[in-house]
Amino acid sequence: MNGPLVGQVINLLAALMLLIAFAMLAQRRLLRLIHLFALQGAVLTLNTLVVAATLAQSHLYFSVVLNLVLKVIVLPMILIRLVDRLDLRADAESVGNLPLIMLVAVVLVILSFNVALPISELAGTITRGTLGIAMASVLIAFLMMITRRKAVAQVIGFLAMENGLFFAATSATYGMPMVVELGIALDVLVGTFIFGIFFFQIRETFDSLDTRNLESLKDRE
Amino acid sequence: MLLQLIQGLLAAALAPLVLGWLNQCRAWLQNRTAPSLLQPYRVLRKLLRKEVVLAVNASWLFRLAPYIVFACMVLAGSIVPLIATDLPFALAADVIALVGLFALARVFMALAAMDVGTAFGSLGSRREMLIAALAEPALLMVFFTPALISQSTALTTIVDQFSNGALQLYPSMAFAAIAFVMVLLAENARIPVDNPSTHLELTMVHEAMILEYSGRHLALMDWAHALKLTVYMAIGIALFLPWGVAHPHEWLGLPLALVALAAKLALFGAGLALLETLAAKMRIFKVPEFLGMAFMLAVLGMLVHFLVEA
């Protein structure tokens, strides 16, 4: 494939990642949030595939498959089943002052672009322009975890953060070593299972998935 | 100059058809029997024949407003490159002037709605102003991204640059496109923001403003409304799908451009109809949030342009 067009495609996919991150930040409905998460995984997979095909990096193909199976198929399926079992299918939560959150997210984007600029100037990869976007999507996912109160949305924020991290690794150094990648994948998978168990526990104890209830567990002296 | 004239007339002539197509698509998607594609023309003809009924206290402003609004929209229609980029007017009026034209039409419409002094009129114009005050900056921001890319605010230059030469992907334009569609829905009183087919006092915005109009005045207002939608769609096509437009001194490209325009408008209209069918009308107090998002997305588009493409 020729250079400039590939660079543009990668930039476009990176911009899509950022767009989906913003959409997730604003999305109130849980089911839609999971769909968006799956979509982000798909964009990430596509991006990795483009990088792998351009550079003929064989280990990246492995990441592509791992991504596809884990983030586009397995994790969303687990999450949707969880939502079904918890009977949250039609659940929507208030996100608070959305314009303010969006404004903060834009500031985060500017910040991460500024932070990433010196690093990406040093990097010689064709994906270096997207490092800022990767960092921004990590921070936005973080912001999403902070602004949500319901446990399921927080977990999706956590998983989206992992997406951003993976994207950052691809854009800075063409992916992580395979051992690390496998480790993270397993962590995420097991984490989701454990979170699933937690959800039931939280709901049984408090009759709701609002994590603010957890504050009442602090002992008062 | 001839082309300029033809294009202004084309926009005006095409506008009811676009509206008819949109209504037809919506009817199909909602399992209703669709009205004829030419229904908006028939409505216009009927209204033009009917006599005008004026409120006793209607002033000259009320009578003048439909003509001003319609003239603004026709002028806007001749600035936007529909089939050709060889437009002398467009050099004098860039995208910012275009936004100004829309604002002029809107101000007169709102003033006229308040002129008679009915409750609905002032309610509608206040809501319209609320929406417009938020939609306008978002629209300007949407325009700035392509203006930055092509180093020009003239729509014809932007289209020339985008449709010429090799395929270039601009991630920033993806943000701008989404923001633009959101602004389009808000500014043209389409479904998530306003329902064009209701006269329910709680929800109407645009309809409340033109409630007092009748006869040829109403015809002009309706026509201007359809024209505004068409112009917006044409702007969207010009910015985001500019291929197929005829370049200066390319007379042979004109028929092809016409076909391309028809296809793109049909596609865009069907997409809008789908969007409107899927979306539910939102509460009026949610509109600032909706438009705030549009503004953010447009700003993000600009940021992405500076940081990834520059």
# chains A, B, ... in the order shown; residues from 1 in each chain; ligands from 1

$ interface_residues --of "chain A" --to "chain B" --cutoff "10 Å" --atoms "only C-alpha atoms" --output "VMD selection string"
chain A and resid 4 to 16 18 to 19 22 to 23 26 97 to 100 102 to 103 105 to 106 109 to 110 113 to 114 117 128 to 133

$ write_last_selection --atoms "N, CA and C atoms" --output "mmCIF file, in the first residue's frame"
data_model
loop_
_atom_site.group_PDB
_atom_site.id
_atom_site.type_symbol
_atom_site.label_atom_id
_atom_site.label_comp_id
_atom_site.auth_asym_id
_atom_site.auth_seq_id
_atom_site.Cartn_x
_atom_site.Cartn_y
_atom_site.Cartn_z
ATOM 1 N N PRO A 4 1.031 7.844 1.847
ATOM 2 C CA PRO A 4 0.168 8.920 2.326
ATOM 3 C C PRO A 4 -1.276 8.474 2.575
ATOM 4 N N LEU A 5 -1.800 7.652 1.660
ATOM 5 C CA LEU A 5 -3.195 7.246 1.802
ATOM 6 C C LEU A 5 -3.384 6.409 3.059
ATOM 7 N N VAL A 6 -2.418 5.519 3.320
ATOM 8 C CA VAL A 6 -2.509 4.690 4.523
ATOM 9 C C VAL A 6 -2.494 5.576 5.759
ATOM 10 N N GLY A 7 -1.570 6.558 5.743
ATOM 11 C CA GLY A 7 -1.513 7.492 6.867
ATOM 12 C C GLY A 7 -2.860 8.164 7.082
ATOM 13 N N GLN A 8 -3.498 8.550 5.977
ATOM 14 C CA GLN A 8 -4.799 9.219 6.089
ATOM 15 C C GLN A 8 -5.858 8.281 6.639
ATOM 16 N N VAL A 9 -5.819 7.025 6.164
ATOM 17 C CA VAL A 9 -6.809 6.060 6.660
ATOM 18 C C VAL A 9 -6.636 5.861 8.160
ATOM 19 N N ILE A 10 -5.357 5.757 8.582
ATOM 20 C CA ILE A 10 -5.096 5.573 10.014
ATOM 21 C C ILE A 10 -5.592 6.776 10.805
ATOM 22 N N ASN A 11 -5.325 7.978 10.274
ATOM 23 C CA ASN A 11 -5.800 9.178 10.956
ATOM 24 C C ASN A 11 -7.318 9.190 11.047
ATOM 25 N N LEU A 12 -7.955 8.765 9.945
ATOM 26 C CA LEU A 12 -9.419 8.756 9.929
ATOM 27 C C LEU A 12 -9.964 7.801 10.982
ATOM 28 N N LEU A 13 -9.363 6.622 11.066
ATOM 29 C CA LEU A 13 -9.821 5.643 12.055
ATOM 30 C C LEU A 13 -9.578 6.159 13.468
ATOM 31 N N ALA A 14 -8.442 6.851 13.637
ATOM 32 C CA ALA A 14 -8.150 7.426 14.948
ATOM 33 C C ALA A 14 -9.202 8.461 15.313
ATOM 34 N N ALA A 15 -9.561 9.296 14.337
ATOM 35 C CA ALA A 15 -10.590 10.297 14.600
ATOM 36 C C ALA A 15 -11.908 9.625 14.955
ATOM 37 N N LEU A 16 -12.200 8.502 14.293
ATOM 38 C CA LEU A 16 -13.420 7.757 14.612
ATOM 39 C C LEU A 16 -13.386 7.257 16.050
ATOM 40 N N LEU A 18 -11.917 8.637 18.534
ATOM 41 C CA LEU A 18 -12.183 9.782 19.405
ATOM 42 C C LEU A 18 -13.662 10.109 19.401
ATOM 43 N N LEU A 19 -14.247 10.048 18.204
ATOM 44 C CA LEU A 19 -15.670 10.348 18.058
ATOM 45 C C LEU A 19 -16.497 9.380 18.891
ATOM 46 N N PHE A 22 -16.316 10.138 22.517
ATOM 47 C CA PHE A 22 -17.229 11.223 22.894
ATOM 48 C C PHE A 22 -18.665 10.733 22.947
ATOM 49 N N ALA A 23 -19.024 9.901 21.976
ATOM 50 C CA ALA A 23 -20.393 9.388 21.948
ATOM 51 C C ALA A 23 -20.668 8.572 23.204
ATOM 52 N N ALA A 26 -21.413 10.659 26.189
ATOM 53 C CA ALA A 26 -22.724 11.309 26.210
ATOM 54 C C ALA A 26 -23.873 10.317 26.233
ATOM 55 N N ASN A 97 -24.318 17.326 34.249
ATOM 56 C CA ASN A 97 -24.217 18.473 33.361
ATOM 57 C C ASN A 97 -23.414 18.106 32.112
ATOM 58 N N LEU A 98 -24.131 17.646 31.110
ATOM 59 C CA LEU A 98 -23.453 17.105 29.931
ATOM 60 C C LEU A 98 -22.578 18.130 29.207
ATOM 61 N N PRO A 99 -23.080 19.351 28.941
ATOM 62 C CA PRO A 99 -22.202 20.311 28.256
ATOM 63 C C PRO A 99 -20.885 20.549 28.999
ATOM 64 N N LEU A 100 -20.970 20.599 30.330
ATOM 65 C CA LEU A 100 -19.747 20.823 31.112
ATOM 66 C C LEU A 100 -18.783 19.648 30.939
ATOM 67 N N MET A 102 -18.625 17.633 28.466
ATOM 68 C CA MET A 102 -18.077 17.704 27.109
ATOM 69 C C MET A 102 -16.938 18.707 27.027
ATOM 70 N N LEU A 103 -17.153 19.833 27.702
ATOM 71 C CA LEU A 103 -16.131 20.875 27.696
ATOM 72 C C LEU A 103 -14.846 20.352 28.331
ATOM 73 N N ALA A 105 -13.977 17.305 28.446
ATOM 74 C CA ALA A 105 -13.397 16.328 27.532
ATOM 75 C C ALA A 105 -12.598 17.023 26.426
ATOM 76 N N VAL A 106 -13.119 18.158 25.935
ATOM 77 C CA VAL A 106 -12.376 18.884 24.897
ATOM 78 C C VAL A 106 -11.049 19.386 25.449
ATOM 79 N N VAL A 109 -8.694 16.638 25.496
ATOM 80 C CA VAL A 109 -8.153 16.355 24.160
ATOM 81 C C VAL A 109 -6.977 17.289 23.864
ATOM 82 N N ILE A 110 -7.183 18.586 24.150
ATOM 83 C CA ILE A 110 -6.109 19.553 23.899
ATOM 84 C C ILE A 110 -4.876 19.191 24.720
ATOM 85 N N PHE A 113 -3.109 16.111 23.373
ATOM 86 C CA PHE A 113 -2.387 16.421 22.146
ATOM 87 C C PHE A 113 -1.073 17.125 22.450
ATOM 88 N N ASN A 114 -1.143 18.062 23.405
ATOM 89 C CA ASN A 114 0.066 18.792 23.761
ATOM 90 C C ASN A 114 1.113 17.885 24.377
ATOM 91 N N LEU A 117 2.656 15.573 21.704
ATOM 92 C CA LEU A 117 3.382 16.181 20.583
ATOM 93 C C LEU A 117 4.879 15.894 20.591
ATOM 94 N N ARG A 128 2.312 7.890 14.211
ATOM 95 C CA ARG A 128 2.663 8.757 15.338
ATOM 96 C C ARG A 128 1.642 9.874 15.555
ATOM 97 N N GLY A 129 0.981 10.313 14.472
ATOM 98 C CA GLY A 129 0.010 11.396 14.628
ATOM 99 C C GLY A 129 -1.137 11.036 15.540
ATOM 100 N N THR A 130 -1.358 9.717 15.693
ATOM 101 C CA THR A 130 -2.543 9.302 16.425
ATOM 102 C C THR A 130 -2.297 9.090 17.906
ATOM 103 N N LEU A 131 -1.052 9.301 18.332
ATOM 104 C CA LEU A 131 -0.745 9.062 19.742
ATOM 105 C C LEU A 131 -1.568 9.969 20.647
ATOM 106 N N GLY A 132 -1.699 11.227 20.227
ATOM 107 C CA GLY A 132 -2.496 12.180 21.002
ATOM 108 C C GLY A 132 -3.935 11.712 21.132
ATOM 109 N N ILE A 133 -4.478 11.212 20.037
ATOM 110 C CA ILE A 133 -5.862 10.748 20.063
ATOM 111 C C ILE A 133 -6.002 9.548 20.986
#

$ residues_around --residues "range 156-168 of chain A" --least-positions-apart "5" --cutoff "10 Å" --atoms "only C-alpha atoms" --output "PyMOL selection string"
chain A and resi 14+17-18+20-21+24-25+30+33-34+36-38+40-41+44-45+47-48+63+67+71+75-76+79+127-128+130-148+151+173-176+181+184-185+188-189+191-192

$ write_last_selection --atoms "C-alpha atoms" --output "mmCIF file, in the first residue's frame"
data_model
loop_
_atom_site.group_PDB
_atom_site.id
_atom_site.type_symbol
_atom_site.label_atom_id
_atom_site.label_comp_id
_atom_site.auth_asym_id
_atom_site.auth_seq_id
_atom_site.Cartn_x
_atom_site.Cartn_y
_atom_site.Cartn_z
ATOM 1 C CA ALA A 14 -8.150 7.426 14.948
ATOM 2 C CA MET A 17 -12.050 6.332 17.864
ATOM 3 C CA LEU A 18 -12.183 9.782 19.405
ATOM 4 C CA ILE A 20 -16.898 7.090 19.577
ATOM 5 C CA ALA A 21 -15.220 7.990 22.859
ATOM 6 C CA MET A 24 -19.860 6.986 24.844
ATOM 7 C CA LEU A 25 -19.357 9.886 27.194
ATOM 8 C CA LEU A 30 -26.623 1.124 28.751
ATOM 9 C CA LEU A 33 -23.193 2.146 25.403
ATOM 10 C CA ILE A 34 -22.277 -1.513 24.954
ATOM 11 C CA LEU A 36 -20.657 1.782 21.064
ATOM 12 C CA PHE A 37 -18.011 -0.113 22.973
ATOM 13 C CA ALA A 38 -18.202 -2.954 20.448
ATOM 14 C CA GLN A 40 -14.890 1.131 19.196
ATOM 15 C CA GLY A 41 -13.360 -2.326 19.377
ATOM 16 C CA LEU A 44 -9.513 -0.476 16.805
ATOM 17 C CA THR A 45 -9.290 -3.869 15.122
ATOM 18 C CA ASN A 47 -6.835 0.199 12.591
ATOM 19 C CA THR A 48 -4.523 -2.544 13.808
ATOM 20 C CA SER A 63 -3.410 -8.719 18.048
ATOM 21 C CA ASN A 67 -9.008 -7.789 19.492
ATOM 22 C CA LYS A 71 -13.477 -6.737 22.242
ATOM 23 C CA LEU A 75 -16.842 -8.790 25.959
ATOM 24 C CA PRO A 76 -19.920 -7.074 24.483
ATOM 25 C CA LEU A 79 -21.911 -7.333 29.022
ATOM 26 C CA THR A 127 0.974 6.107 13.236
ATOM 27 C CA ARG A 128 2.663 8.757 15.338
ATOM 28 C CA THR A 130 -2.543 9.302 16.425
ATOM 29 C CA LEU A 131 -0.745 9.062 19.742
ATOM 30 C CA GLY A 132 -2.496 12.180 21.002
ATOM 31 C CA ILE A 133 -5.862 10.748 20.063
ATOM 32 C CA ALA A 134 -5.058 7.483 21.808
ATOM 33 C CA MET A 135 -4.145 9.341 24.953
ATOM 34 C CA ALA A 136 -7.254 11.474 24.679
ATOM 35 C CA SER A 137 -9.445 8.394 24.435
ATOM 36 C CA VAL A 138 -7.827 6.947 27.552
ATOM 37 C CA LEU A 139 -8.492 10.182 29.440
ATOM 38 C CA ILE A 140 -12.049 10.480 28.134
ATOM 39 C CA ALA A 141 -12.780 6.907 29.212
ATOM 40 C CA PHE A 142 -11.378 7.867 32.584
ATOM 41 C CA LEU A 143 -13.654 10.897 32.695
ATOM 42 C CA MET A 144 -16.562 8.639 31.851
ATOM 43 C CA MET A 145 -15.750 6.391 34.793
ATOM 44 C CA ILE A 146 -15.693 9.428 37.057
ATOM 45 C CA THR A 147 -18.938 10.940 35.837
ATOM 46 C CA ARG A 148 -21.029 7.776 35.913
ATOM 47 C CA ALA A 151 -21.462 0.268 38.163
ATOM 48 C CA THR A 173 5.514 1.273 19.045
ATOM 49 C CA TYR A 174 3.418 -0.923 16.733
ATOM 50 C CA GLY A 175 1.912 -2.904 19.551
ATOM 51 C CA MET A 176 3.128 -4.437 22.767
ATOM 52 C CA GLU A 181 -0.799 -8.324 25.233
ATOM 53 C CA ILE A 184 -3.770 -7.718 29.458
ATOM 54 C CA ALA A 185 -6.373 -9.581 27.427
ATOM 55 C CA VAL A 188 -9.660 -7.744 31.040
ATOM 56 C CA LEU A 189 -11.592 -10.939 30.471
ATOM 57 C CA GLY A 191 -11.879 -8.620 35.282
ATOM 58 C CA THR A 192 -15.163 -8.514 33.452
#

$ atom_distance --atom1 "CA of Val95 in chain A" --atom2 "CA of Ala132 in chain B"
25.0 Å

$ residues_around --residues "Ala55 in chain B" --least-positions-apart "3" --cutoff "8 Å" --atoms "only C-alpha atoms" --output "list in words"
Ala58, Val116 and Glu212 of chain B

$ residues_around --residues "range 221-229 of chain B" --least-positions-apart "5" --cutoff "10 Å" --atoms "only C-alpha atoms" --output "ChimeraX atom specification"
/B:11-20,40-41,43-44,47,65-74,76-77,102,105,109,184-185,187-190,206-207,210,213-214,216,234-235,269

$ residues_around --residues "Phe193 in chain A" --least-positions-apart "5" --cutoff "12 Å" --atoms "only C-alpha atoms" --output "ChimeraX atom specification"
/A:74-75,77-79,81-82,155,186-188,198-200

$ residues_around --residues "Leu111 in chain B" --least-positions-apart "2" --cutoff "9 Å" --atoms "only C-alpha atoms" --output "list in words"
Leu61, Phe62, Ala65, Arg106, Val107, Phe108, Met109, Ala113, Met114, Asp115, Ser122 and Ser125 of chain B

$ select_by_dssp --residues "chain A" --states "strand (DSSP E or B)" --output "ChimeraX atom specification"
/A:29,92,150,210

$ write_last_selection --atoms "N, CA and C atoms" --output "short mmCIF file (atom, residue, chain, number, x, y, z; two decimals), in the first residue's frame"
data_model
loop_
_atom_site.label_atom_id
_atom_site.label_comp_id
_atom_site.auth_asym_id
_atom_site.auth_seq_id
_atom_site.Cartn_x
_atom_site.Cartn_y
_atom_site.Cartn_z
N ARG A 29 -28.00 5.46 27.56
CA ARG A 29 -28.59 4.12 27.61
C ARG A 29 -27.49 3.07 27.64
N ALA A 92 -31.59 3.82 31.81
CA ALA A 92 -30.87 5.02 31.40
C ALA A 92 -30.52 5.78 32.65
N LYS A 150 -23.52 4.53 37.94
CA LYS A 150 -23.92 3.13 37.90
C LYS A 150 -22.70 2.25 37.58
N ASP A 210 -26.06 1.73 42.05
CA ASP A 210 -25.46 3.03 42.23
C ASP A 210 -24.25 2.90 43.16
#

$ residues_around --residues "Arg127 in chain B" --least-positions-apart "4" --cutoff "7 Å" --atoms "only C-alpha atoms" --output "number ranges by chain"
B: 123, 131, 205

$ write_last_selection --atoms "C-alpha atoms" --output "CSV table (one decimal), in the first residue's frame"
chain,number,residue,atom,x,y,z
B,123,LEU,CA,-43.9,31.6,21.9
B,131,ILE,CA,-32.5,27.3,19.1
B,205,VAL,CA,-41.7,26.0,17.0

$ atom_distance --atom1 "CA of Arg45 in chain B" --atom2 "CA of Leu10 in chain B"
17.8 Å

$ decode --residues "range 89-163 of chain A" --atoms "C-alpha atoms" --output "PDB file, in the first residue's frame"
ATOM      1  CA  ARG A  89     -32.031  -3.421  29.310  1.00  0.00           C
ATOM      2  CA  ALA A  90     -34.081  -0.234  29.269  1.00  0.00           C
ATOM      3  CA  ASP A  91     -31.988   1.456  31.894  1.00  0.00           C
ATOM      4  CA  ALA A  92     -30.867   5.021  31.395  1.00  0.00           C
ATOM      5  CA  GLU A  93     -29.012   7.121  33.877  1.00  0.00           C
ATOM      6  CA  SER A  94     -28.582  10.808  34.283  1.00  0.00           C
ATOM      7  CA  VAL A  95     -25.153  11.968  33.252  1.00  0.00           C
ATOM      8  CA  GLY A  96     -25.260  15.272  35.048  1.00  0.00           C
ATOM      9  CA  ASN A  97     -24.217  18.473  33.361  1.00  0.00           C
ATOM     10  CA  LEU A  98     -23.453  17.105  29.931  1.00  0.00           C
ATOM     11  CA  PRO A  99     -22.202  20.311  28.256  1.00  0.00           C
ATOM     12  CA  LEU A 100     -19.747  20.823  31.112  1.00  0.00           C
ATOM     13  CA  ILE A 101     -18.504  17.237  30.841  1.00  0.00           C
ATOM     14  CA  MET A 102     -18.077  17.704  27.109  1.00  0.00           C
ATOM     15  CA  LEU A 103     -16.131  20.875  27.696  1.00  0.00           C
ATOM     16  CA  VAL A 104     -13.843  19.073  30.123  1.00  0.00           C
ATOM     17  CA  ALA A 105     -13.397  16.328  27.532  1.00  0.00           C
ATOM     18  CA  VAL A 106     -12.376  18.884  24.897  1.00  0.00           C
ATOM     19  CA  VAL A 107      -9.850  20.335  27.334  1.00  0.00           C
ATOM     20  CA  LEU A 108      -8.547  16.803  27.912  1.00  0.00           C
ATOM     21  CA  VAL A 109      -8.153  16.355  24.160  1.00  0.00           C
ATOM     22  CA  ILE A 110      -6.109  19.553  23.899  1.00  0.00           C
ATOM     23  CA  LEU A 111      -4.040  18.512  26.901  1.00  0.00           C
ATOM     24  CA  SER A 112      -3.250  15.062  25.570  1.00  0.00           C
ATOM     25  CA  PHE A 113      -2.387  16.421  22.146  1.00  0.00           C
ATOM     26  CA  ASN A 114       0.066  18.792  23.761  1.00  0.00           C
ATOM     27  CA  VAL A 115       1.580  16.054  25.888  1.00  0.00           C
ATOM     28  CA  ALA A 116       1.842  13.673  22.964  1.00  0.00           C
ATOM     29  CA  LEU A 117       3.382  16.181  20.583  1.00  0.00           C
ATOM     30  CA  PRO A 118       7.027  15.844  21.707  1.00  0.00           C
ATOM     31  CA  ILE A 119       6.734  12.067  21.895  1.00  0.00           C
ATOM     32  CA  SER A 120       5.235  11.743  18.468  1.00  0.00           C
ATOM     33  CA  GLU A 121       7.932  13.953  17.021  1.00  0.00           C
ATOM     34  CA  LEU A 122      10.531  11.492  18.288  1.00  0.00           C
ATOM     35  CA  ALA A 123       8.646   8.447  17.052  1.00  0.00           C
ATOM     36  CA  GLY A 124       9.288   7.367  13.503  1.00  0.00           C
ATOM     37  CA  THR A 125       6.144   5.319  13.054  1.00  0.00           C
ATOM     38  CA  ILE A 126       3.518   6.137  10.456  1.00  0.00           C
ATOM     39  CA  THR A 127       0.974   6.107  13.236  1.00  0.00           C
ATOM     40  CA  ARG A 128       2.663   8.757  15.338  1.00  0.00           C
ATOM     41  CA  GLY A 129       0.010  11.396  14.628  1.00  0.00           C
ATOM     42  CA  THR A 130      -2.543   9.302  16.425  1.00  0.00           C
ATOM     43  CA  LEU A 131      -0.745   9.062  19.742  1.00  0.00           C
ATOM     44  CA  GLY A 132      -2.496  12.180  21.002  1.00  0.00           C
ATOM     45  CA  ILE A 133      -5.862  10.748  20.063  1.00  0.00           C
ATOM     46  CA  ALA A 134      -5.058   7.483  21.808  1.00  0.00           C
ATOM     47  CA  MET A 135      -4.145   9.341  24.953  1.00  0.00           C
ATOM     48  CA  ALA A 136      -7.254  11.474  24.679  1.00  0.00           C
ATOM     49  CA  SER A 137      -9.445   8.394  24.435  1.00  0.00           C
ATOM     50  CA  VAL A 138      -7.827   6.947  27.552  1.00  0.00           C
ATOM     51  CA  LEU A 139      -8.492  10.182  29.440  1.00  0.00           C
ATOM     52  CA  ILE A 140     -12.049  10.480  28.134  1.00  0.00           C
ATOM     53  CA  ALA A 141     -12.780   6.907  29.212  1.00  0.00           C
ATOM     54  CA  PHE A 142     -11.378   7.867  32.584  1.00  0.00           C
ATOM     55  CA  LEU A 143     -13.654  10.897  32.695  1.00  0.00           C
ATOM     56  CA  MET A 144     -16.562   8.639  31.851  1.00  0.00           C
ATOM     57  CA  MET A 145     -15.750   6.391  34.793  1.00  0.00           C
ATOM     58  CA  ILE A 146     -15.693   9.428  37.057  1.00  0.00           C
ATOM     59  CA  THR A 147     -18.938  10.940  35.837  1.00  0.00           C
ATOM     60  CA  ARG A 148     -21.029   7.776  35.913  1.00  0.00           C
ATOM     61  CA  ARG A 149     -22.644   6.494  39.033  1.00  0.00           C
ATOM     62  CA  LYS A 150     -23.918   3.126  37.904  1.00  0.00           C
ATOM     63  CA  ALA A 151     -21.462   0.268  38.163  1.00  0.00           C
ATOM     64  CA  VAL A 152     -22.029  -1.195  34.687  1.00  0.00           C
ATOM     65  CA  ALA A 153     -21.263   2.088  32.950  1.00  0.00           C
ATOM     66  CA  GLN A 154     -18.115   2.450  35.031  1.00  0.00           C
ATOM     67  CA  VAL A 155     -16.930  -0.967  33.923  1.00  0.00           C
ATOM     68  CA  ILE A 156     -17.574  -0.077  30.308  1.00  0.00           C
ATOM     69  CA  GLY A 157     -15.505   3.052  30.911  1.00  0.00           C
ATOM     70  CA  PHE A 158     -12.723   0.846  32.257  1.00  0.00           C
ATOM     71  CA  LEU A 159     -12.852  -1.389  29.192  1.00  0.00           C
ATOM     72  CA  ALA A 160     -12.875   1.636  26.890  1.00  0.00           C
ATOM     73  CA  MET A 161      -9.773   2.835  28.699  1.00  0.00           C
ATOM     74  CA  GLU A 162      -8.088  -0.435  27.839  1.00  0.00           C
ATOM     75  CA  ASN A 163      -9.092   0.132  24.217  1.00  0.00           C
TER      76      ASN A 163
END
